[in-house]
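Reading through the structure tokens given below for one structure.
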Amino acid sequence: MSKQSSFAVRSLIALAVASAFPLHSAMAAEAAAVAAAAEAQDTPAAAEPAANKNQLETVIVTAQRRAENIKDVPMSIATIKGDKLDALTSGAGDIRVLSGRSPSLNIESDYGRAFPRFYIRGLGNTDFDLNASQPVGYVMDDIVQENAMLKGFPVFDVDQVEVLRGPQGTLFGRNSPAGVIKFDSAKPVFKQEGYLLLGVGNYSAKNVEGAYNFPISDTVAVRFSGTSQHRDNRVHNTNPTPNKGTQDFEGYGDNAFRLQALVQPNKDFSALFNYHERDYHGSATLFRANIIKQGTNDIVDGFDYGSYPTDGVNYQRLNTKGGSIRLKYNLNDITLHSITGYEKLKFDSRADVDGGYGAVFAPPSGPGRIPFPVETADLLPNHKQFTQEFRAESNYSGPLQWIGGLFYFNEAIEIDSISFNSLAPGNPQNIPFALQNQKAKSWAAFGSLNYTVTDKLKVRGGLRYTSDKKDFFASRTDYDASNTLITLPYNLSSTSHNVSWDLSGTYELDKNTNLFARAATGYRAPSMQGRLNGLSDVPSMAGAEKALSFEAGIKQDLFDKRARLSAAVFQYRVKDKQLTAGSGTINMNRLINADKVTGQGIELDLQANLGYGFSGSLGYSFNDTEIKDKNVRVAYCGNVANNAGLGCTPTNTPAPGYPGYSLIDGNDLPRAPRHQANFSLKYSTEVGNGELYAMTDWSYRSSYNFFLYTATEYTAKPLTEGGVRIGYKWGDGKYEVAGFGRNITNKIVLLSAIEFDNLTGMLNEPRTWGATFKVNF
């Protein structure tokens, strides 16, 4: 890049930031000086002491399995921590509160707090089966959490959240072609410290959270942290039939703890032990029948959030237990790591999926038309996951650094799908049921090289070989045509192999500005599903998908490190993309592969200390995704020949010769908003012997399709949500009291739907508010 073009790039960035944030003239002049000259020498940002309290702290990440300054990592990456994370989780919000708070990140669920689904750059999976895989990897304290039920662990005592955008197939492996969400808990330290937080809110919400860290000796430190979150029911059953079904909904109790012990007898060896549990009980998601006004995507007139007429039973229970051992041994020039993890869970969820009471053939019924009763439960009575990683990395001086390792994964799952007779007294279980069992084993060998070509240019490359094997069994027990109870078994198996790679580089324009570029591949192992609804159903399988991604961007410290900018452009292609298609008439899914999916877009992250007590952040992303397969077709919303006109209004081209089916070539990926933006602003000032602060945060996302096909009713409206937090700290930060509000405008919109023919939908959370008191010790 020429000096003139380099100057132009930095000048445009400086002007954009100066326009977006009202910095005083001294900062603007400093920005112009930075844009006018290229510095030849560099001092690593992580080693630079802060010149004054207005500078942003250096952000250290482990996206490349090493501790590095985020500016030096050649990929699009964002972090969420500190005050921003505290504000988002005010009121004991679950992990979905992070949705939209980082560019290109979306999180949603059809199971409430228990089963979050992650999307990065539009790539995700709408599958609600308990065996569903996701293209976004989730790593908690260096242990991959494969099953979706493990991914909703409450957010407490967390040091940092890292959002790694784009394929992470080399260092993090399988099932991460879209990216990785990485959680790092606060670790034990050799001093006594801790905190206790008490919170209350509307709907009788109560929250207790705390941590206590203490050294047992000079070589052993222990940290215990936990949370207990409770909320009363806020929705009442208004079914006119007395005492039918569950009467109140949307309350919950969510208890979790983490116990860690650090053993460090000398500077060369450490062992970190981690044990954690979660015990959750609450309501399953409320599926609300006939909530969408036909021909529009509006909620029906007269809607009352607090009312839910139903004749079904509703509950949800989840228990998870897990542990890990992380060993680290420093030799002279090499560091050895061993990471062992074990997770297990039990889950039981039951809901009235038809979203109402009675049926058209069994009056009284409502609200609106209830074509058939559907009350189901999905159970995961047995799940076990074991992982083991051995890794070695160089730590000597010199231009060449490397990482190499082996990884092993073993998972066993059992799933029971049952149904109930909502029309009979006591809602007895029906005889037909389906079973699924899956055993998955995977191993991988991986390595990466970092090479400093010059003082300004650093390159990285990585390679990973993965071998996957899955053995799957499904069965349906039901009555045949002669009314004889029979069981039909099905077996599927797959063995797949893959080589993933990445190549990236960082070029230093000056001591404050890095350019980066990255090409990477990712891989998702074959997926299987056997949530069978009848004897004629068969399991479905989607073959492996493979992603290829390119991105380039800039990372820059501005205004003497009082602002930080990261911007990236990207483009990707996914071959044999795994998609989840609904049945069109019943609450079932099937797996398919589309020939190709493409995506492209931009991402922008900006943080700044604005002066005069103000600080803020701004994020934006544009994701343009497209399904490219002229032959793939999916059934839509129950609009088969005998029910035409009763459900949604499809807008895709009908599939010739297949009534009730749409072609989806050219569609956006489902639940992938094209535009997302987030904004936060904080003001703090000294008052008395303490600090008074006020902060607000906002997120916006544009509309998206609920499903693979497009329909007027099944298009989400744009959503803007805001939060506020006002507090006071005193006693040198020892005490803090705060009031908060989430979704303060009380914006209620449809987030998703069920593919029945009576326009059944699900809603976002209403406004919540409350107060907290925190003491640090």
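Ordering of the structure tokens sets the chain letters (A, B, ...), residue numbers begin anew at 1 in every chain, and ligands are numbered from 1 in the order given.
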
Which residues come within 8 Å of stretch 149-159 of chain A, counting only C-alpha atoms, excluding same-chain residues fewer than 3 positions away, as a PyMOL selection string?
-> chain A and resi 81-82+89+94-95+113-116+130+138+145-146+183-186+209-211+225-227+256+278+320+345+347

Taking the backbone alone, and naming residues the way the document does, which bits of stretch 342-446 of chain A are strand (DSSP E) by DSSP, as JSON, numbers by chain?
-> {"A": [342, 343, 344, 345, 346, 347, 348, 349, 350, 351, 352, 357, 358, 359, 362, 363, 364, 365, 366, 375, 376, 377, 378, 379, 380, 381, 382, 383, 384, 385, 386, 387, 388, 389, 390, 391, 392, 393, 394, 400, 401, 402, 403, 404, 405, 406, 407, 408, 409, 410, 411, 412, 413, 414, 415, 416, 417, 418, 419, 420, 429, 430, 431, 432, 433, 434, 435, 436, 437, 438, 439, 440, 441, 442, 443, 444, 445, 446]}

Can you list, as a ChimeraX atom specification, every protein, DNA or RNA residue that comes within 9 Å of A:Cys648 when you count only C-alpha atoms, leaving out same-chain residues fewer than 6 positions away?
-> /A:294-295,636-639,711-714,757-759

Could you state the separation of atom CA of A:Ser349 and atom CA of A:Gly323 in Å, given to one decimal place?
-> 24.7 Å

Neighbours of A:Glu545 within 7 Å (only C-alpha atoms; same-chain residues fewer than 3 positions away dropped), as a ChimeraX atom specification?
-> /A:523-525,574-578

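Every protein, DNA or RNA residue with an atom at most 12 Å from A:Leu492, where only C-alpha atoms count and chain neighbours fewer than 5 positions away do not, is listed here: Gln436, Asn437, Gln438, Lys439, Ala440, Lys469, Lys470, Asp471, Phe472, Phe473, Ala474, Ser475, Pro526, Ser527, Met528, Gln529, Gly530, Val538, Pro539, Ser540, Met541 and Ala542 of chain A.
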
Could the residues in this selection be written to a file with C-alpha atoms, as an mmCIF file, in the first residue's frame?
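For reference, again.cif as written:
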data_model
loop_
_atom_site.group_PDB
_atom_site.id
_atom_site.type_symbol
_atom_site.label_atom_id
_atom_site.label_comp_id
_atom_site.auth_asym_id
_atom_site.auth_seq_id
_atom_site.Cartn_x
_atom_site.Cartn_y
_atom_site.Cartn_z
ATOM 1 C CA GLN A 436 -33.070 -42.313 19.349
ATOM 2 C CA ASN A 437 -29.588 -43.423 20.314
ATOM 3 C CA GLN A 438 -26.351 -42.065 18.936
ATOM 4 C CA LYS A 439 -22.705 -42.739 19.617
ATOM 5 C CA ALA A 440 -20.219 -40.320 18.123
ATOM 6 C CA LYS A 469 -17.721 -41.780 13.142
ATOM 7 C CA LYS A 470 -21.393 -41.889 14.127
ATOM 8 C CA ASP A 471 -23.637 -44.879 14.825
ATOM 9 C CA PHE A 472 -27.315 -43.954 15.025
ATOM 10 C CA PHE A 473 -30.381 -45.984 15.965
ATOM 11 C CA ALA A 474 -34.011 -44.837 15.826
ATOM 12 C CA SER A 475 -37.271 -46.668 16.346
ATOM 13 C CA PRO A 526 -22.773 -35.428 9.189
ATOM 14 C CA SER A 527 -25.983 -35.011 11.213
ATOM 15 C CA MET A 528 -28.738 -37.547 11.882
ATOM 16 C CA GLN A 529 -32.278 -37.255 13.173
ATOM 17 C CA GLY A 530 -34.978 -39.786 13.991
ATOM 18 C CA VAL A 538 -37.733 -42.822 8.380
ATOM 19 C CA PRO A 539 -34.695 -41.082 9.888
ATOM 20 C CA SER A 540 -32.980 -38.365 7.896
ATOM 21 C CA MET A 541 -29.291 -37.658 7.513
ATOM 22 C CA ALA A 542 -27.413 -34.656 6.160
#

Straight-line distance linking atom CA of A:Gly312 with atom CA of A:Phe128, stated in Å to one decimal | 19.7 Å

If you count only C-alpha atoms, which residues fall within 6 Å of stretch 602-607 of chain A, apart from same-chain ones fewer than 3 positions away, as a list in words?
-> Ala563, Arg564, Leu565, Ser566, Ala567, Ala568, Val569, Gly616, Ser617, Leu618, Gly619, Tyr620, Ser621 and Phe622 of chain A

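Excluding A:Ile60 and any residue on its chain fewer than 2 positions from it, the residues at most 7 Å away by only C-alpha atoms are Thr58, Ala67, Glu68, Asn69 and Ile70 of chain A.
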
Take the residues from that selection and put them in a file with C-alpha atoms, as a compact mmCIF listing (two decimals), in the first residue's frame.
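Dumped everything to out_35.txt:
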# COMPACT_ATOMS: atom_id res chain seq x y z
CA THR A 58 -5.33 -3.65 26.48
CA ALA A 67 -2.54 -15.04 25.07
CA GLU A 68 -2.29 -12.15 22.59
CA ASN A 69 -3.27 -8.53 22.17
CA ILE A 70 -6.55 -8.54 20.24

Counting only C-alpha atoms, which residues of stretch 532-626 of chain A fall within 9 Å of stretch 655-675 of chain A, and what is the closest atom pair for each with its distance in Å at one decimal, ordered by chain and rising number, as CSV?
residue,atom,partner,partner_atom,distance
A:Gly584,CA,A:Gly660,CA,7.9
A:Val597,CA,A:Leu669,CA,8.3
A:Gly601,CA,A:Arg674,CA,8.7
A:Tyr620,CA,A:His675,CA,7.5
A:Ser621,CA,A:His675,CA,5.8
A:Phe622,CA,A:His675,CA,4.8
A:Asn623,CA,A:Arg674,CA,4.6
A:Asp624,CA,A:Arg674,CA,5.8
A:Thr625,CA,A:Asp668,CA,5.1
A:Glu626,CA,A:Asp668,CA,4.7

Could you write those residues out with C-alpha atoms, as a PDB file, in the first residue's frame?
ATOM      1  CA  GLY A 584     -45.510 -28.440   6.804  1.00  0.00           C
ATOM      2  CA  VAL A 597     -24.841 -21.276   0.474  1.00  0.00           C
ATOM      3  CA  GLY A 601     -20.732  -8.653   4.535  1.00  0.00           C
ATOM      4  CA  TYR A 620     -22.570  -2.825  13.094  1.00  0.00           C
ATOM      5  CA  SER A 621     -22.742  -5.785  10.740  1.00  0.00           C
ATOM      6  CA  PHE A 622     -24.228  -6.504   7.330  1.00  0.00           C
ATOM      7  CA  ASN A 623     -24.762 -10.165   6.392  1.00  0.00           C
ATOM      8  CA  ASP A 624     -26.024 -11.031   2.923  1.00  0.00           C
ATOM      9  CA  THR A 625     -26.672 -14.791   2.707  1.00  0.00           C
ATOM     10  CA  GLU A 626     -28.125 -16.797  -0.161  1.00  0.00           C
TER      11      GLU A 626
END

Determine, for each residue of stretch 143-227 of chain A having at least one atom at most 10 Å from an atom of stretch 123-126 of chain A, the closest pair of atoms and their separation in Å to one decimal, counting only C-alpha atoms; order by chain and ascending number, as CSV.
residue,atom,partner,partner_atom,distance
A:Gly166,CA,A:Leu123,CA,9.7
A:Pro177,CA,A:Leu123,CA,8.5
A:Ala178,CA,A:Leu123,CA,5.8
A:Gly179,CA,A:Leu123,CA,8.9

Counting only C-alpha atoms, closest pick from A:Lys84, A:Arg174, A:Arg742, A:Arg518 relative to A:Lys682 is A:Lys84

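Straight-line separation from atom CA of A:Leu259 to atom CA of A:Val222: 7.5 Å.
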
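Using only C-alpha atoms, the smallest distance between any of A:Lys187, A:Arg391, A:Lys384, A:Lys555 and A:Glu411 comes from A:Lys384.
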
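Counting only C-alpha atoms, the residue from A:Val724, A:Leu763, A:Leu610, A:Ile181 that sits nearest to A:Gly91 is A:Val724.
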
Closest of A:Gly405, A:Phe740, A:Tyr572, A:Leu708 to A:Arg633 - atom-to-atom distances counting only C-alpha atoms | A:Leu708

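Restricting the calculation to only C-alpha atoms, the smallest distance between A:Ser204 and any of A:Arg165, A:Val313, A:Tyr252, A:Pro242 is found for A:Tyr252.
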
Selected residue of minimal separation from A:Ala284 among A:Thr62, A:Thr506, A:Thr376, A:Gln55, counting only C-alpha atoms = A:Thr376

Would you mind writing down, as JSON, numbers by chain, each residue of stretch 45-291 of chain A that DSSP on the backbone assigns to alpha helix (DSSP H)?
-> {"A": [82, 83, 84, 85, 86, 87, 88]}

For the residues selected in the previous step, produce a file with C-alpha atoms as a PDB file, in the first residue's frame.
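Okay, this is what ended up in part.pdb:
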ATOM      1  CA  GLY A  82     -16.760  -5.872  32.472  1.00  0.00           C
ATOM      2  CA  ASP A  83     -19.469  -3.252  32.864  1.00  0.00           C
ATOM      3  CA  LYS A  84     -21.098  -4.132  29.548  1.00  0.00           C
ATOM      4  CA  LEU A  85     -21.465  -7.785  30.482  1.00  0.00           C
ATOM      5  CA  ASP A  86     -22.780  -6.837  33.938  1.00  0.00           C
ATOM      6  CA  ALA A  87     -25.401  -4.566  32.378  1.00  0.00           C
ATOM      7  CA  LEU A  88     -26.557  -7.190  29.868  1.00  0.00           C
TER       8      LEU A  88
END
